[in-house]
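Source file: data-v6.cif (mmCIF, N, CA and C atoms and all ligand atoms)
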```cif
data_entry
loop_
_atom_site.label_atom_id
_atom_site.label_comp_id
_atom_site.auth_asym_id
_atom_site.auth_seq_id
_atom_site.Cartn_x
_atom_site.Cartn_y
_atom_site.Cartn_z
N MET A 622 18.44 -10.47 77.36
CA MET A 622 19.06 -11.26 76.29
C MET A 622 18.17 -12.41 75.88
N SER A 623 18.16 -12.74 74.58
CA SER A 623 17.24 -13.79 74.14
C SER A 623 17.78 -15.18 74.49
N ARG A 624 16.86 -16.08 74.78
CA ARG A 624 17.22 -17.42 75.25
C ARG A 624 16.85 -18.43 74.17
N THR A 625 17.86 -19.20 73.70
CA THR A 625 17.65 -20.16 72.62
C THR A 625 17.50 -21.57 73.18
N ILE A 626 16.44 -22.25 72.72
CA ILE A 626 16.17 -23.64 73.12
C ILE A 626 16.49 -24.52 71.92
N VAL A 627 17.21 -25.61 72.16
CA VAL A 627 17.46 -26.58 71.09
C VAL A 627 16.89 -27.92 71.52
N THR A 628 16.20 -28.60 70.59
CA THR A 628 15.69 -29.94 70.88
C THR A 628 15.87 -30.80 69.63
N PHE A 629 15.71 -32.12 69.82
CA PHE A 629 15.98 -33.08 68.74
C PHE A 629 14.88 -34.11 68.66
N GLY A 630 14.72 -34.69 67.50
CA GLY A 630 13.79 -35.82 67.38
C GLY A 630 13.60 -36.23 65.94
N THR A 631 12.93 -37.38 65.78
CA THR A 631 12.62 -37.86 64.43
C THR A 631 11.33 -37.20 63.94
N PHE A 632 10.36 -37.07 64.84
CA PHE A 632 9.05 -36.46 64.52
C PHE A 632 8.42 -37.16 63.30
N ASP A 633 8.46 -38.51 63.32
CA ASP A 633 7.87 -39.29 62.23
C ASP A 633 6.39 -39.52 62.52
N VAL A 634 5.55 -39.46 61.51
CA VAL A 634 4.09 -39.56 61.66
C VAL A 634 3.68 -38.58 62.78
N PHE A 635 3.89 -37.30 62.50
CA PHE A 635 3.77 -36.23 63.49
C PHE A 635 2.44 -36.31 64.26
N HIS A 636 2.52 -36.29 65.59
CA HIS A 636 1.31 -36.43 66.43
C HIS A 636 1.32 -35.41 67.57
N VAL A 637 0.26 -35.44 68.37
CA VAL A 637 0.07 -34.39 69.39
C VAL A 637 1.16 -34.45 70.48
N GLY A 638 1.75 -35.62 70.74
CA GLY A 638 2.85 -35.70 71.70
C GLY A 638 4.04 -34.89 71.21
N HIS A 639 4.30 -34.95 69.90
CA HIS A 639 5.37 -34.13 69.30
C HIS A 639 5.06 -32.64 69.44
N LEU A 640 3.80 -32.29 69.13
CA LEU A 640 3.40 -30.89 69.21
C LEU A 640 3.56 -30.35 70.64
N ARG A 641 3.10 -31.13 71.62
CA ARG A 641 3.16 -30.67 73.02
C ARG A 641 4.60 -30.46 73.48
N VAL A 642 5.50 -31.38 73.12
CA VAL A 642 6.88 -31.22 73.60
C VAL A 642 7.51 -29.99 72.94
N LEU A 643 7.18 -29.72 71.68
CA LEU A 643 7.74 -28.53 71.03
C LEU A 643 7.14 -27.26 71.62
N GLU A 644 5.84 -27.28 71.92
CA GLU A 644 5.22 -26.10 72.54
C GLU A 644 5.83 -25.82 73.92
N ARG A 645 6.01 -26.89 74.71
CA ARG A 645 6.56 -26.69 76.05
C ARG A 645 8.02 -26.28 75.98
N ALA A 646 8.77 -26.82 75.01
CA ALA A 646 10.17 -26.42 74.83
C ALA A 646 10.23 -24.94 74.47
N ALA A 647 9.40 -24.51 73.52
CA ALA A 647 9.40 -23.11 73.06
C ALA A 647 9.09 -22.16 74.21
N ALA A 648 8.21 -22.60 75.12
CA ALA A 648 7.79 -21.74 76.23
C ALA A 648 8.93 -21.50 77.23
N LEU A 649 10.01 -22.27 77.14
CA LEU A 649 11.14 -22.09 78.05
C LEU A 649 12.07 -20.96 77.60
N GLY A 650 11.86 -20.44 76.38
CA GLY A 650 12.78 -19.40 75.89
C GLY A 650 12.14 -18.53 74.84
N ASP A 651 13.02 -17.92 74.01
CA ASP A 651 12.54 -16.96 72.99
C ASP A 651 12.63 -17.52 71.58
N ARG A 652 13.47 -18.53 71.40
CA ARG A 652 13.73 -19.02 70.05
C ARG A 652 13.91 -20.53 70.14
N LEU A 653 13.16 -21.28 69.28
CA LEU A 653 13.26 -22.75 69.32
C LEU A 653 13.89 -23.27 68.02
N VAL A 654 14.99 -24.01 68.20
CA VAL A 654 15.70 -24.62 67.07
C VAL A 654 15.55 -26.14 67.22
N VAL A 655 15.15 -26.81 66.12
CA VAL A 655 14.87 -28.26 66.20
C VAL A 655 15.79 -29.04 65.26
N GLY A 656 16.51 -29.99 65.82
CA GLY A 656 17.32 -30.93 65.02
C GLY A 656 16.46 -32.13 64.67
N VAL A 657 16.19 -32.31 63.38
CA VAL A 657 15.33 -33.41 62.90
C VAL A 657 16.25 -34.53 62.41
N SER A 658 16.04 -35.73 62.94
CA SER A 658 16.95 -36.84 62.63
C SER A 658 16.97 -37.20 61.16
N ALA A 659 18.17 -37.44 60.65
CA ALA A 659 18.33 -37.98 59.29
C ALA A 659 17.72 -39.38 59.24
N ASP A 660 17.32 -39.83 58.04
CA ASP A 660 16.73 -41.17 57.90
C ASP A 660 17.70 -42.24 58.42
N ALA A 661 18.99 -42.11 58.08
CA ALA A 661 19.97 -43.12 58.50
C ALA A 661 20.09 -43.16 60.02
N LEU A 662 19.98 -42.01 60.68
CA LEU A 662 20.06 -41.99 62.15
C LEU A 662 18.84 -42.70 62.74
N ASN A 663 17.67 -42.50 62.12
CA ASN A 663 16.47 -43.18 62.63
C ASN A 663 16.60 -44.70 62.48
N ILE A 664 17.18 -45.14 61.38
CA ILE A 664 17.38 -46.58 61.19
C ILE A 664 18.32 -47.11 62.28
N ARG A 665 19.37 -46.36 62.59
CA ARG A 665 20.29 -46.79 63.66
C ARG A 665 19.59 -46.80 65.01
N LYS A 666 18.74 -45.77 65.29
CA LYS A 666 18.08 -45.66 66.60
C LYS A 666 16.99 -46.70 66.76
N LYS A 667 16.16 -46.88 65.71
CA LYS A 667 14.91 -47.64 65.87
C LYS A 667 14.85 -48.92 65.05
N GLY A 668 15.86 -49.15 64.24
CA GLY A 668 15.90 -50.39 63.46
C GLY A 668 14.93 -50.40 62.30
N ARG A 669 14.38 -49.24 61.93
CA ARG A 669 13.52 -49.18 60.75
C ARG A 669 13.59 -47.77 60.15
N ALA A 670 13.27 -47.72 58.85
CA ALA A 670 13.26 -46.42 58.19
C ALA A 670 12.03 -45.65 58.66
N PRO A 671 12.11 -44.32 58.73
CA PRO A 671 10.91 -43.56 59.07
C PRO A 671 9.85 -43.69 57.98
N VAL A 672 8.58 -43.51 58.35
CA VAL A 672 7.48 -43.55 57.37
C VAL A 672 7.60 -42.34 56.45
N PHE A 673 7.81 -41.17 57.05
CA PHE A 673 7.96 -39.94 56.27
C PHE A 673 9.45 -39.64 56.09
N SER A 674 9.79 -39.17 54.89
CA SER A 674 11.20 -38.89 54.60
C SER A 674 11.69 -37.69 55.41
N ARG A 675 12.99 -37.54 55.41
CA ARG A 675 13.60 -36.39 56.10
C ARG A 675 13.01 -35.08 55.59
N GLY A 676 12.87 -34.96 54.26
CA GLY A 676 12.34 -33.72 53.68
C GLY A 676 10.93 -33.44 54.15
N GLU A 677 10.10 -34.47 54.21
CA GLU A 677 8.71 -34.30 54.67
C GLU A 677 8.68 -33.94 56.15
N ARG A 678 9.51 -34.62 56.96
CA ARG A 678 9.52 -34.33 58.41
C ARG A 678 10.03 -32.92 58.68
N LEU A 679 11.05 -32.50 57.92
CA LEU A 679 11.55 -31.12 58.07
C LEU A 679 10.48 -30.11 57.67
N ALA A 680 9.74 -30.41 56.61
CA ALA A 680 8.69 -29.47 56.13
C ALA A 680 7.61 -29.31 57.21
N ILE A 681 7.20 -30.41 57.83
CA ILE A 681 6.15 -30.34 58.86
C ILE A 681 6.65 -29.56 60.08
N VAL A 682 7.82 -29.94 60.59
CA VAL A 682 8.31 -29.29 61.82
C VAL A 682 8.59 -27.81 61.58
N SER A 683 9.17 -27.48 60.41
CA SER A 683 9.52 -26.07 60.19
C SER A 683 8.30 -25.19 59.97
N ALA A 684 7.15 -25.79 59.63
CA ALA A 684 5.93 -25.01 59.41
C ALA A 684 5.22 -24.65 60.72
N LEU A 685 5.65 -25.23 61.84
CA LEU A 685 4.96 -24.98 63.12
C LEU A 685 5.25 -23.56 63.61
N ARG A 686 4.23 -22.93 64.20
CA ARG A 686 4.36 -21.56 64.69
C ARG A 686 5.43 -21.43 65.77
N VAL A 687 5.60 -22.47 66.59
CA VAL A 687 6.53 -22.37 67.71
C VAL A 687 7.99 -22.64 67.31
N VAL A 688 8.20 -23.08 66.06
CA VAL A 688 9.56 -23.46 65.63
C VAL A 688 10.17 -22.33 64.80
N ASP A 689 11.38 -21.90 65.20
CA ASP A 689 12.03 -20.80 64.49
C ASP A 689 13.01 -21.29 63.43
N GLU A 690 13.64 -22.45 63.68
CA GLU A 690 14.67 -22.92 62.77
C GLU A 690 14.79 -24.43 62.88
N VAL A 691 15.11 -25.09 61.78
CA VAL A 691 15.35 -26.54 61.81
C VAL A 691 16.70 -26.85 61.16
N PHE A 692 17.27 -27.98 61.57
CA PHE A 692 18.48 -28.48 60.89
C PHE A 692 18.42 -29.99 60.95
N VAL A 693 19.29 -30.67 60.20
CA VAL A 693 19.29 -32.13 60.18
C VAL A 693 20.26 -32.67 61.23
N GLU A 694 19.75 -33.55 62.09
CA GLU A 694 20.60 -34.22 63.10
C GLU A 694 21.14 -35.50 62.46
N GLU A 695 22.44 -35.51 62.20
CA GLU A 695 23.04 -36.68 61.53
C GLU A 695 23.52 -37.71 62.54
N SER A 696 23.86 -37.25 63.76
CA SER A 696 24.48 -38.15 64.72
C SER A 696 24.06 -37.80 66.15
N LEU A 697 23.76 -38.81 66.95
CA LEU A 697 23.37 -38.58 68.35
C LEU A 697 24.53 -37.98 69.14
N GLU A 698 25.75 -38.37 68.76
CA GLU A 698 26.93 -37.97 69.52
C GLU A 698 27.36 -36.54 69.22
N ALA A 699 26.79 -35.93 68.18
CA ALA A 699 27.22 -34.57 67.80
C ALA A 699 26.44 -33.49 68.55
N LYS A 700 25.71 -33.86 69.61
CA LYS A 700 24.86 -32.89 70.31
C LYS A 700 25.63 -31.71 70.88
N ARG A 701 26.85 -31.96 71.31
CA ARG A 701 27.64 -30.85 71.86
C ARG A 701 27.88 -29.81 70.75
N ASP A 702 28.34 -30.29 69.57
CA ASP A 702 28.61 -29.39 68.44
C ASP A 702 27.34 -28.66 68.01
N TYR A 703 26.24 -29.42 67.88
CA TYR A 703 24.98 -28.80 67.45
C TYR A 703 24.54 -27.74 68.46
N SER A 704 24.68 -28.04 69.74
CA SER A 704 24.23 -27.11 70.77
C SER A 704 25.05 -25.82 70.71
N VAL A 705 26.37 -25.97 70.54
CA VAL A 705 27.23 -24.79 70.49
C VAL A 705 26.95 -24.00 69.20
N THR A 706 26.91 -24.69 68.06
CA THR A 706 26.70 -24.03 66.76
C THR A 706 25.40 -23.25 66.72
N HIS A 707 24.35 -23.82 67.35
CA HIS A 707 23.04 -23.16 67.28
C HIS A 707 22.79 -22.25 68.49
N GLY A 708 23.82 -22.05 69.30
CA GLY A 708 23.73 -21.08 70.40
C GLY A 708 22.75 -21.49 71.48
N ALA A 709 22.70 -22.79 71.80
CA ALA A 709 21.72 -23.27 72.78
C ALA A 709 22.02 -22.73 74.18
N ASP A 710 20.99 -22.16 74.80
CA ASP A 710 21.04 -21.89 76.23
C ASP A 710 20.46 -23.08 76.98
N VAL A 711 19.52 -23.77 76.36
CA VAL A 711 18.88 -24.92 76.98
C VAL A 711 18.74 -26.04 75.94
N LEU A 712 19.10 -27.25 76.32
CA LEU A 712 18.85 -28.44 75.51
C LEU A 712 17.66 -29.16 76.14
N VAL A 713 16.60 -29.35 75.36
CA VAL A 713 15.37 -29.97 75.89
C VAL A 713 15.14 -31.30 75.20
N MET A 714 14.79 -32.33 76.01
CA MET A 714 14.39 -33.64 75.45
C MET A 714 13.25 -34.20 76.27
N GLY A 715 12.48 -35.09 75.68
CA GLY A 715 11.46 -35.81 76.43
C GLY A 715 12.12 -36.75 77.43
N ASP A 716 11.38 -37.10 78.49
CA ASP A 716 12.03 -37.84 79.58
C ASP A 716 12.25 -39.32 79.28
N ASP A 717 11.88 -39.77 78.04
CA ASP A 717 12.37 -41.10 77.65
C ASP A 717 13.89 -41.06 77.49
N TRP A 718 14.48 -39.86 77.40
CA TRP A 718 15.92 -39.69 77.29
C TRP A 718 16.54 -39.22 78.61
N ALA A 719 15.78 -39.28 79.70
CA ALA A 719 16.25 -38.72 80.99
C ALA A 719 17.65 -39.23 81.34
N GLY A 720 18.52 -38.30 81.67
CA GLY A 720 19.89 -38.63 82.09
C GLY A 720 20.85 -38.85 80.94
N LYS A 721 20.32 -39.08 79.72
CA LYS A 721 21.20 -39.49 78.59
C LYS A 721 22.08 -38.35 78.08
N PHE A 722 21.66 -37.10 78.33
CA PHE A 722 22.41 -35.99 77.75
C PHE A 722 22.98 -35.06 78.82
N ASP A 723 23.10 -35.58 80.05
CA ASP A 723 23.62 -34.76 81.15
C ASP A 723 25.05 -34.29 80.91
N GLU A 724 25.78 -35.03 80.08
CA GLU A 724 27.18 -34.66 79.83
C GLU A 724 27.31 -33.31 79.11
N TYR A 725 26.20 -32.81 78.55
CA TYR A 725 26.28 -31.52 77.84
C TYR A 725 25.95 -30.34 78.76
N ALA A 726 25.79 -30.62 80.04
CA ALA A 726 25.43 -29.56 81.00
C ALA A 726 26.53 -28.51 81.14
N ASP A 727 27.72 -28.80 80.62
CA ASP A 727 28.78 -27.77 80.66
C ASP A 727 28.62 -26.73 79.55
N VAL A 728 27.85 -27.05 78.50
CA VAL A 728 27.65 -26.04 77.43
C VAL A 728 26.29 -25.35 77.51
N CYS A 729 25.31 -26.02 78.13
CA CYS A 729 23.99 -25.39 78.26
C CYS A 729 23.22 -26.13 79.36
N GLU A 730 22.09 -25.54 79.73
CA GLU A 730 21.20 -26.21 80.68
C GLU A 730 20.57 -27.41 79.97
N VAL A 731 20.36 -28.52 80.68
CA VAL A 731 19.73 -29.70 80.06
C VAL A 731 18.42 -29.99 80.81
N VAL A 732 17.31 -30.00 80.06
CA VAL A 732 15.98 -30.16 80.68
C VAL A 732 15.27 -31.34 80.01
N TYR A 733 14.67 -32.22 80.81
CA TYR A 733 13.87 -33.33 80.28
C TYR A 733 12.41 -33.06 80.64
N LEU A 734 11.55 -33.05 79.63
CA LEU A 734 10.13 -32.79 79.86
C LEU A 734 9.35 -34.11 79.86
N PRO A 735 8.31 -34.23 80.69
CA PRO A 735 7.52 -35.46 80.70
C PRO A 735 6.87 -35.73 79.34
N ARG A 736 6.92 -36.97 78.90
CA ARG A 736 6.27 -37.34 77.63
C ARG A 736 4.76 -37.25 77.76
N THR A 737 4.08 -36.97 76.66
CA THR A 737 2.62 -37.07 76.63
C THR A 737 2.27 -38.56 76.69
N PRO A 738 1.42 -38.97 77.66
CA PRO A 738 1.13 -40.39 77.80
C PRO A 738 0.33 -40.97 76.63
N ALA A 739 0.49 -42.25 76.43
CA ALA A 739 -0.39 -43.07 75.58
C ALA A 739 -0.42 -42.68 74.10
N ILE A 740 0.63 -42.04 73.60
CA ILE A 740 0.69 -41.83 72.14
C ILE A 740 2.13 -41.95 71.68
N SER A 741 2.31 -42.69 70.59
CA SER A 741 3.65 -42.80 70.00
C SER A 741 3.51 -43.16 68.53
N THR A 742 4.55 -42.87 67.77
CA THR A 742 4.56 -43.20 66.34
C THR A 742 4.37 -44.70 66.15
N THR A 743 5.06 -45.50 66.97
CA THR A 743 4.96 -46.96 66.84
C THR A 743 3.53 -47.42 67.08
N ALA A 744 2.86 -46.88 68.12
CA ALA A 744 1.47 -47.27 68.42
C ALA A 744 0.54 -46.89 67.26
N ILE A 745 0.78 -45.72 66.65
CA ILE A 745 -0.06 -45.29 65.51
C ILE A 745 0.14 -46.24 64.33
N ILE A 746 1.38 -46.58 64.03
CA ILE A 746 1.66 -47.49 62.91
C ILE A 746 0.97 -48.84 63.17
N GLU A 747 1.07 -49.35 64.40
CA GLU A 747 0.46 -50.65 64.72
C GLU A 747 -1.06 -50.56 64.64
N HIS A 748 -1.62 -49.46 65.11
CA HIS A 748 -3.07 -49.27 65.08
C HIS A 748 -3.58 -49.27 63.63
N ILE A 749 -2.89 -48.54 62.77
CA ILE A 749 -3.33 -48.47 61.36
C ILE A 749 -3.17 -49.83 60.69
N ALA A 750 -2.07 -50.51 61.00
CA ALA A 750 -1.84 -51.83 60.40
C ALA A 750 -2.93 -52.83 60.76
N ASP A 751 -3.54 -52.64 61.97
CA ASP A 751 -4.59 -53.56 62.46
C ASP A 751 -5.97 -53.22 61.92
N MET A 752 -6.12 -52.06 61.29
CA MET A 752 -7.48 -51.62 60.90
C MET A 752 -8.04 -52.43 59.73
N1 LIG A 801 7.55 -37.19 72.75
C1 LIG A 801 6.71 -36.83 73.78
N2 LIG A 801 5.55 -37.56 74.00
C2 LIG A 801 5.26 -38.60 73.20
C3 LIG A 801 6.10 -38.98 72.15
C4 LIG A 801 7.28 -38.24 71.93
O1 LIG A 801 6.96 -35.88 74.55
N3 LIG A 801 4.14 -39.29 73.47
C5 LIG A 801 8.80 -36.42 72.55
C6 LIG A 801 10.08 -37.25 72.73
O2 LIG A 801 10.37 -37.41 74.11
C7 LIG A 801 11.10 -36.39 71.99
C8 LIG A 801 10.24 -35.76 70.86
O3 LIG A 801 8.87 -35.94 71.22
O4 LIG A 801 11.60 -35.36 72.83
C9 LIG A 801 10.51 -36.44 69.53
O5 LIG A 801 10.22 -37.83 69.67
P1 LIG A 801 10.80 -38.86 68.62
O6 LIG A 801 10.48 -38.42 67.26
O7 LIG A 801 10.44 -40.24 69.06
O8 LIG A 801 12.36 -38.61 68.81
P2 LIG A 801 13.48 -39.67 68.99
O9 LIG A 801 13.45 -40.60 67.83
O10 LIG A 801 13.44 -40.18 70.38
O11 LIG A 801 14.76 -38.80 68.72
O12 LIG A 801 18.93 -37.02 69.59
C10 LIG A 801 17.75 -37.46 70.15
C11 LIG A 801 16.91 -38.12 69.20
O13 LIG A 801 17.03 -37.64 67.90
C12 LIG A 801 15.47 -38.15 69.69
#
```
Render the structure in this file as structure tokens.
Ligand code: C2G
Amino acid sequence: MSRTIVTFGTFDVFHVGHLRVLERAAALGDRLVVGVSADALNIRKKGRAPVFSRGERLAIVSALRVVDEVFVEESLEAKRDYSVTHGADVLVMGDDWAGKFDEYADVCEVVYLPRTPAISTTAIIEHIADM
């Protein structure tokens, strides 16, 4: 039987840390579905609008070879519904979220993958601003 992996993120200013987590998530199953955060959700999470719009971030993530399907994540709290609707066998997140989604372990397996060190959207924005 095929195994569906679901993961979430903003994926703003797409970088190699994003690519690695999606590649490692995809390797855990047969089909990778990615919930890309709405702009309003990113403002709530990070206190600023994303650099790239939702449409641009969806276009980038959906073009990746390892990604089978994308949808818009409107709310952090709707993970149970999203996981069930998209048939998740495994919910994968980077370990900056470790422990935060354990409550969904009754609908699917919950796995936290180690983050790629020393790269983040915020660091890239600050680096470019300093150039
Ligand atoms: N990531 C990573 N290594 C990095 C940076 C990010 O592995 N150096 C991972 C994060 O852990 C996350 C994914 O890449 O699993 C997307 O990161 P963000 O775009 O920062 O996602 P975030 O805004 O944390 O949104 O519902 C959960 C949220 O929507 C997650």
Using all atoms listed in the file, which residue out of A:Ala680, A:Met714, A:Ala709, A:Val654 lies closest to ligand LIG 801 (chain A)?
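When distances to ligand LIG 801 (chain A) are compared using all atoms listed in the file, the smallest one comes from A:Met714.
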Contacts of region 720-727 of chain A within 6.5 Å, all atoms listed in the file, excl. fewer than 3 positions in-chain, as a PDB file with N, CA and C atoms, in the frame of the given file:
```pdb
ATOM      1  N   ARG A 701      26.850 -31.960  71.310  1.00  0.00           N
ATOM      2  CA  ARG A 701      27.640 -30.850  71.860  1.00  0.00           C
ATOM      3  C   ARG A 701      27.880 -29.810  70.750  1.00  0.00           C
ATOM      4  N   GLU A 730      22.090 -25.540  79.730  1.00  0.00           N
ATOM      5  CA  GLU A 730      21.200 -26.210  80.680  1.00  0.00           C
ATOM      6  C   GLU A 730      20.570 -27.410  79.970  1.00  0.00           C
ATOM      7  N   VAL A 731      20.360 -28.520  80.680  1.00  0.00           N
ATOM      8  CA  VAL A 731      19.730 -29.700  80.060  1.00  0.00           C
ATOM      9  C   VAL A 731      18.420 -29.990  80.810  1.00  0.00           C
TER      10      VAL A 731
END
```
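Using all atoms listed in the file for every distance, the candidate list A:Asp717, A:Glu747, A:Glu677, A:Asp710 yields A:Asp717 as the residue closest to ligand LIG 801 (chain A).
On the backbone of this structure, DSSP gives strand (DSSP E or B) within region 662-741 of chain A to Glu690, Val691, Phe692, Val693, Glu694, Val711, Leu712, Val713, Met714, Gly715, Glu730, Val731, Val732, Tyr733 and Leu734 of chain A.
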Between A:Thr737, A:Ser674, A:Thr743, A:Ser696, which is the closest to ligand LIG 801 (chain A) once you count all atoms listed in the file?
A:Thr737
In Å, how far is it from atom N2 of ligand LIG 801 (chain A) to CA of Arg624 (chain A)?
23.3 Å
Got a sec to check which residues lie within 6.5 Å of ligand LIG 801 (chain A), using only N, CA and C atoms and all ligand atoms, and send them as a PyMOL selection string?
chain A and resi 629-633+637-639+641-643+656-658+696-697+713-718+734-742
Resulting file, chosen residues, N, CA and C atoms, as a compact mmCIF listing (two decimals), in the frame of the given file:
```txt
# COMPACT_ATOMS: atom_id res chain seq x y z
N PHE A 629 15.71 -32.12 69.82
CA PHE A 629 15.98 -33.08 68.74
C PHE A 629 14.88 -34.11 68.66
N GLY A 630 14.72 -34.69 67.50
CA GLY A 630 13.79 -35.82 67.38
C GLY A 630 13.60 -36.23 65.94
N THR A 631 12.93 -37.38 65.78
CA THR A 631 12.62 -37.86 64.43
C THR A 631 11.33 -37.20 63.94
N PHE A 632 10.36 -37.07 64.84
CA PHE A 632 9.05 -36.46 64.52
C PHE A 632 8.42 -37.16 63.30
N ASP A 633 8.46 -38.51 63.32
CA ASP A 633 7.87 -39.29 62.23
C ASP A 633 6.39 -39.52 62.52
N VAL A 637 0.26 -35.44 68.37
CA VAL A 637 0.07 -34.39 69.39
C VAL A 637 1.16 -34.45 70.48
N GLY A 638 1.75 -35.62 70.74
CA GLY A 638 2.85 -35.70 71.70
C GLY A 638 4.04 -34.89 71.21
N HIS A 639 4.30 -34.95 69.90
CA HIS A 639 5.37 -34.13 69.30
C HIS A 639 5.06 -32.64 69.44
N ARG A 641 3.10 -31.13 71.62
CA ARG A 641 3.16 -30.67 73.02
C ARG A 641 4.60 -30.46 73.48
N VAL A 642 5.50 -31.38 73.12
CA VAL A 642 6.88 -31.22 73.60
C VAL A 642 7.51 -29.99 72.94
N LEU A 643 7.18 -29.72 71.68
CA LEU A 643 7.74 -28.53 71.03
C LEU A 643 7.14 -27.26 71.62
N GLY A 656 16.51 -29.99 65.82
CA GLY A 656 17.32 -30.93 65.02
C GLY A 656 16.46 -32.13 64.67
N VAL A 657 16.19 -32.31 63.38
CA VAL A 657 15.33 -33.41 62.90
C VAL A 657 16.25 -34.53 62.41
N SER A 658 16.04 -35.73 62.94
CA SER A 658 16.95 -36.84 62.63
C SER A 658 16.97 -37.20 61.16
N SER A 696 23.86 -37.25 63.76
CA SER A 696 24.48 -38.15 64.72
C SER A 696 24.06 -37.80 66.15
N LEU A 697 23.76 -38.81 66.95
CA LEU A 697 23.37 -38.58 68.35
C LEU A 697 24.53 -37.98 69.14
N VAL A 713 16.60 -29.35 75.36
CA VAL A 713 15.37 -29.97 75.89
C VAL A 713 15.14 -31.30 75.20
N MET A 714 14.79 -32.33 76.01
CA MET A 714 14.39 -33.64 75.45
C MET A 714 13.25 -34.20 76.27
N GLY A 715 12.48 -35.09 75.68
CA GLY A 715 11.46 -35.81 76.43
C GLY A 715 12.12 -36.75 77.43
N ASP A 716 11.38 -37.10 78.49
CA ASP A 716 12.03 -37.84 79.58
C ASP A 716 12.25 -39.32 79.28
N ASP A 717 11.88 -39.77 78.04
CA ASP A 717 12.37 -41.10 77.65
C ASP A 717 13.89 -41.06 77.49
N TRP A 718 14.48 -39.86 77.40
CA TRP A 718 15.92 -39.69 77.29
C TRP A 718 16.54 -39.22 78.61
N LEU A 734 11.55 -33.05 79.63
CA LEU A 734 10.13 -32.79 79.86
C LEU A 734 9.35 -34.11 79.86
N PRO A 735 8.31 -34.23 80.69
CA PRO A 735 7.52 -35.46 80.70
C PRO A 735 6.87 -35.73 79.34
N ARG A 736 6.92 -36.97 78.90
CA ARG A 736 6.27 -37.34 77.63
C ARG A 736 4.76 -37.25 77.76
N THR A 737 4.08 -36.97 76.66
CA THR A 737 2.62 -37.07 76.63
C THR A 737 2.27 -38.56 76.69
N PRO A 738 1.42 -38.97 77.66
CA PRO A 738 1.13 -40.39 77.80
C PRO A 738 0.33 -40.97 76.63
N ALA A 739 0.49 -42.25 76.43
CA ALA A 739 -0.39 -43.07 75.58
C ALA A 739 -0.42 -42.68 74.10
N ILE A 740 0.63 -42.04 73.60
CA ILE A 740 0.69 -41.83 72.14
C ILE A 740 2.13 -41.95 71.68
N SER A 741 2.31 -42.69 70.59
CA SER A 741 3.65 -42.80 70.00
C SER A 741 3.51 -43.16 68.53
N THR A 742 4.55 -42.87 67.77
CA THR A 742 4.56 -43.20 66.34
C THR A 742 4.37 -44.70 66.15
```
Spatial sel., origin (11.2, -20.1, 78.2), limit 10 Å, only C-alpha atoms, listed as a ChimeraX atom specification:
/A:623-626,645-653,711
One number please: CA of Val691 (chain A) to CA of Val672 (chain A), in Å, one decimal.
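About the pair CA of Val691 (chain A) and CA of Val672 (chain A): they are 19.3 Å apart.
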Using backbone DSSP assignments, extract all helix (DSSP H, G or I) residues from chain A; output them as a PyMOL selection string.
chain A and resi 637-647+660-667+675-683+697-706+716-718+723-727+742-751
A straight line from CA of Ala744 (chain A) to CA of His636 (chain A) spans 11.0 Å
Once 5 Å is added on each side, what centre and edge lengths in Å to one decimal does the axis-aligned box around all listed atoms of region 671-678 of chain A have, as lines of an AutoDock Vina configuration file?
```
center_x = 10.5
center_y = -38.6
center_z = 56.4
size_x = 16.1
size_y = 21.4
size_z = 15.4
```
Can you work out which one of A:Asp689, A:Glu644, A:Asp702, A:Asp660 has the shortest atom-to-atom distance to Arg675 (chain A), counting all atoms listed in the file?
A:Asp660
Residue nearest Ile681 (chain A) - candidates A:Leu640, A:Asn663, A:Leu712, A:Lys700, atoms counted: only C-alpha atoms
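The shortest atom-to-atom distance to Ile681 (chain A) comes from A:Leu640.
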